[in-house]
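Have a look at the structure below before the remarks.
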Amino acid sequence: MAAPSAVFGRNPRLGALGPGDFARLISPFAPFEPNPVVAVAVSGGADSMALALLAAQWASARKGRAIALTVDHGLRPESGPEARSVGRWLRARGIAHRILTWTGPKPRTGIQAAAREARYRLLRGWCRRHHVLHLLVAHTIEDQAETFLLRLERGSGVDGLAGMPAVTEGPQLRLLRPLLTVPKARLIATLRARHQEWIEDPSNRDESFARVRVRAMLSGPAATASGRRHISAAARAMGAARSANEQAVAECLTRAASPHPAGYIELDAGALSAAPPHVAARALTRCLMAVSGAQYAPRGEKLARLLGDVMGRNAFRARTLGGCRIVPHGGRILICREWAKAESCAAPVAGEPVLWDRRFLVRLKPKRGRAARCRLGPLGEKGWNEVVKYAPGLRHCGVPAAVRPSLPALFDRQGVFAVPHLGFARSKTAAAALAMVTWQPANPLTGAGFSVA
């Protein structure tokens with residue numbers, strides 16, 4: 001490969017990044033813990049390979065370490081060998097590497113969106129299991145420009161046009177994008193300066209994908225680096241507007257929403273009505289997404305009609321929307337999960353947490369006996385009837401009737417095994433199986449979860 005200076009000349013905007021450059025890029029995300037441990041998502045492309053090298057050097061200088069995570073989506077025959085090549089390259093530089101494999105059937109349509117969802121699920125799951133608080137991803141200024149143009153084409157509002165945030169705070173994990181202001185050319189220069197190879201994914205040239213077509217336009221003869229910077233600046237301006245909106249929504253939720261450990265929210269309609277309509281709409285949407293775990297917010301006339309009803313413009317009636325049940329409850333509005341849409345799955349591996357239904361973090365104790373043959377799912381109406389046969393006193397428990405069927409429960413061949421939020425365990429074995437169930441929605445109202453021992 002040509003030397004960086006031969007390709008990029010003396011232009012500092014296109015030169016290789018050094019340790020000091022990266023330290024400045026990551027400093028806005030401080031504070032980090034002493035001896036920081038960070039995970040880096042590494043596809044093997046130039047962007048993520050450069051990020052892995054820079055992050056490892058930064059962490060090592062602070063007596064910490066970086067761990068590279070590569071997701072093998074299994075969509076191409078070459079993906080497995082490529083992931084192993086990435087591991088060899090990084091281990092040769094003293095960087096730990098793990099391969100996470102996307103197993104199971106793959107969809108025939110929407111494959112890029114499904115792969116992205118699977119990728120982040122695997123990355124977050126690994127970080128959660130290994131108690132890593134920071135996950136770095138290598139999105140660049142070009143990626144931000146692509147996102148802005150794609151969302152502009154789709155008619156997105158301020159939230160969409162704000163693009164990708166530099167930091168996303170979630171339960172137990174911070175997703176960091178330290179390279180959002182860096183052009184890809186500088187990352188290629190960084191690899192060339194360090195004599196490091198990278199992988200070119202052929203899907204990045206497949207123009208059947210909208211993002212690839214936008215990428216080609218941004219790198220075409222009519223495109224300029226200045227134009228990409230202007231687009232990125234527009235996204236940052238939208239991001240500032242989004243931050244202001246988020247602050248107003250947070251203040252509204254503080255007054256109007258009361259979240260409960262059992263995974264539901266009581267809403268004070270009067271407090272919600274006192275907020276400006278666009279803030280109230282965002283706050284209501286946030287409640288629905290936290291309770292349902294949905295990946296996309298409900299939109300359109302149904303949301304507007306629900307907001308009007310909640311704010312008292314119409315007579316309120318119970319209904320479902322976005323995977324939630326919304327019902328009147330003691331002068332307030334109760335938002336709970338539509339239990340029939342909650343997932344059912346095998347019980348988690350003992351000692352390893354699992355985020356069930358994108359709402360509850362469930363962990364079983366290592367010695368759990370018969371719980372090894374259980375499944376995890378919503379209690380349901382049949383399960384509730386079974387529970388009160390064993391424990392009639394639970395008819396008067398503090399959990400609202402509308403919420404009870406959506407509670408996480410363990411089942412075995414005989415029926416309901418345990419329901420932590422009701423304090424119900426069919427036997428001593430069941431009581432010994434559960435360590436903790438915590439409401440930690442994938443779309444939190446705040447960064448905090450709510451625990452039930």
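Chain labels run A, B, ... following the order of the structure tokens; each chain numbers its residues from 1, and ligands are numbered from 1 in the order shown.
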
**Message:** When DSSP is applied to the backbone of this structure, which of stretch 22-224 of chain A are assigned alpha helix (DSSP H)? Write them out as number ranges by chain.
**Reply:** A: 22-26, 46-61, 79-92, 111-129, 141-153, 158-161, 184-193, 210-219

**Message:** Report, in Å with one decimal, the straight-line distance from atom CA of A:Ala114 to atom CA of A:Gly351.
**Reply:**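 A separation of 28.2 Å between them.
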
**Message:** If we count only C-alpha atoms and set the cut-off at 9 Å, which residues sit around A:Ser344, ignoring sequence neighbours fewer than 4 positions away in its own chain? Please answer as a ChimeraX atom specification.
**Reply:** /A:356-357,375-378

Write a file of the selected residues as a short mmCIF file (atom, residue, chain, number, x, y, z; two decimals), in the first residue's frame, keeping all heavy atoms.
data_model
loop_
_atom_site.label_atom_id
_atom_site.label_comp_id
_atom_site.auth_asym_id
_atom_site.auth_seq_id
_atom_site.Cartn_x
_atom_site.Cartn_y
_atom_site.Cartn_z
N TRP A 356 -35.79 -10.31 29.10
CA TRP A 356 -37.00 -10.94 28.58
C TRP A 356 -38.00 -9.90 28.07
O TRP A 356 -38.27 -8.91 28.75
CB TRP A 356 -37.67 -11.79 29.68
CG TRP A 356 -39.01 -12.32 29.28
CD1 TRP A 356 -39.26 -13.30 28.37
CD2 TRP A 356 -40.28 -11.86 29.73
NE1 TRP A 356 -40.61 -13.50 28.24
CE2 TRP A 356 -41.26 -12.61 29.07
CE3 TRP A 356 -40.68 -10.87 30.64
CZ2 TRP A 356 -42.62 -12.43 29.28
CZ3 TRP A 356 -42.03 -10.69 30.85
CH2 TRP A 356 -42.99 -11.46 30.18
N ASP A 357 -38.51 -10.12 26.87
CA ASP A 357 -39.54 -9.28 26.28
C ASP A 357 -39.07 -7.82 26.16
O ASP A 357 -39.90 -6.91 26.12
CB ASP A 357 -40.84 -9.37 27.07
CG ASP A 357 -42.06 -8.90 26.29
OD1 ASP A 357 -42.14 -9.18 25.08
OD2 ASP A 357 -42.93 -8.23 26.88
N ARG A 375 -39.88 -22.73 31.29
CA ARG A 375 -39.86 -21.68 30.28
C ARG A 375 -40.28 -20.38 30.95
O ARG A 375 -40.93 -20.38 32.01
CB ARG A 375 -40.78 -22.00 29.10
CG ARG A 375 -42.26 -22.04 29.45
CD ARG A 375 -43.11 -22.29 28.22
NE ARG A 375 -44.51 -22.41 28.58
CZ ARG A 375 -45.35 -21.39 28.72
NH1 ARG A 375 -44.90 -20.15 28.51
NH2 ARG A 375 -46.61 -21.57 29.06
N LEU A 376 -39.93 -19.29 30.32
CA LEU A 376 -40.22 -17.95 30.83
C LEU A 376 -41.23 -17.30 29.91
O LEU A 376 -41.09 -17.32 28.69
CB LEU A 376 -38.92 -17.14 30.85
CG LEU A 376 -38.94 -15.70 31.36
CD1 LEU A 376 -39.37 -15.66 32.83
CD2 LEU A 376 -37.56 -15.09 31.19
N GLY A 377 -42.29 -16.74 30.49
CA GLY A 377 -43.32 -16.11 29.67
C GLY A 377 -44.25 -15.26 30.51
O GLY A 377 -44.09 -15.16 31.73
N PRO A 378 -45.23 -14.62 29.85
CA PRO A 378 -46.20 -13.83 30.61
C PRO A 378 -47.12 -14.75 31.41
O PRO A 378 -47.47 -15.84 30.95
CB PRO A 378 -46.96 -13.08 29.52
CG PRO A 378 -46.87 -13.97 28.32
CD PRO A 378 -45.52 -14.62 28.41
#

**Request:** Per DSSP on the backbone, filter stretch 243-411 of chain A down to the residues in strand (DSSP E or B) and report them as a PyMOL selection string.
**Result:** chain A and resi 257-260+264-267+319-321+324-329+332-337+345-346+354-356+360-364+375-378+408-411
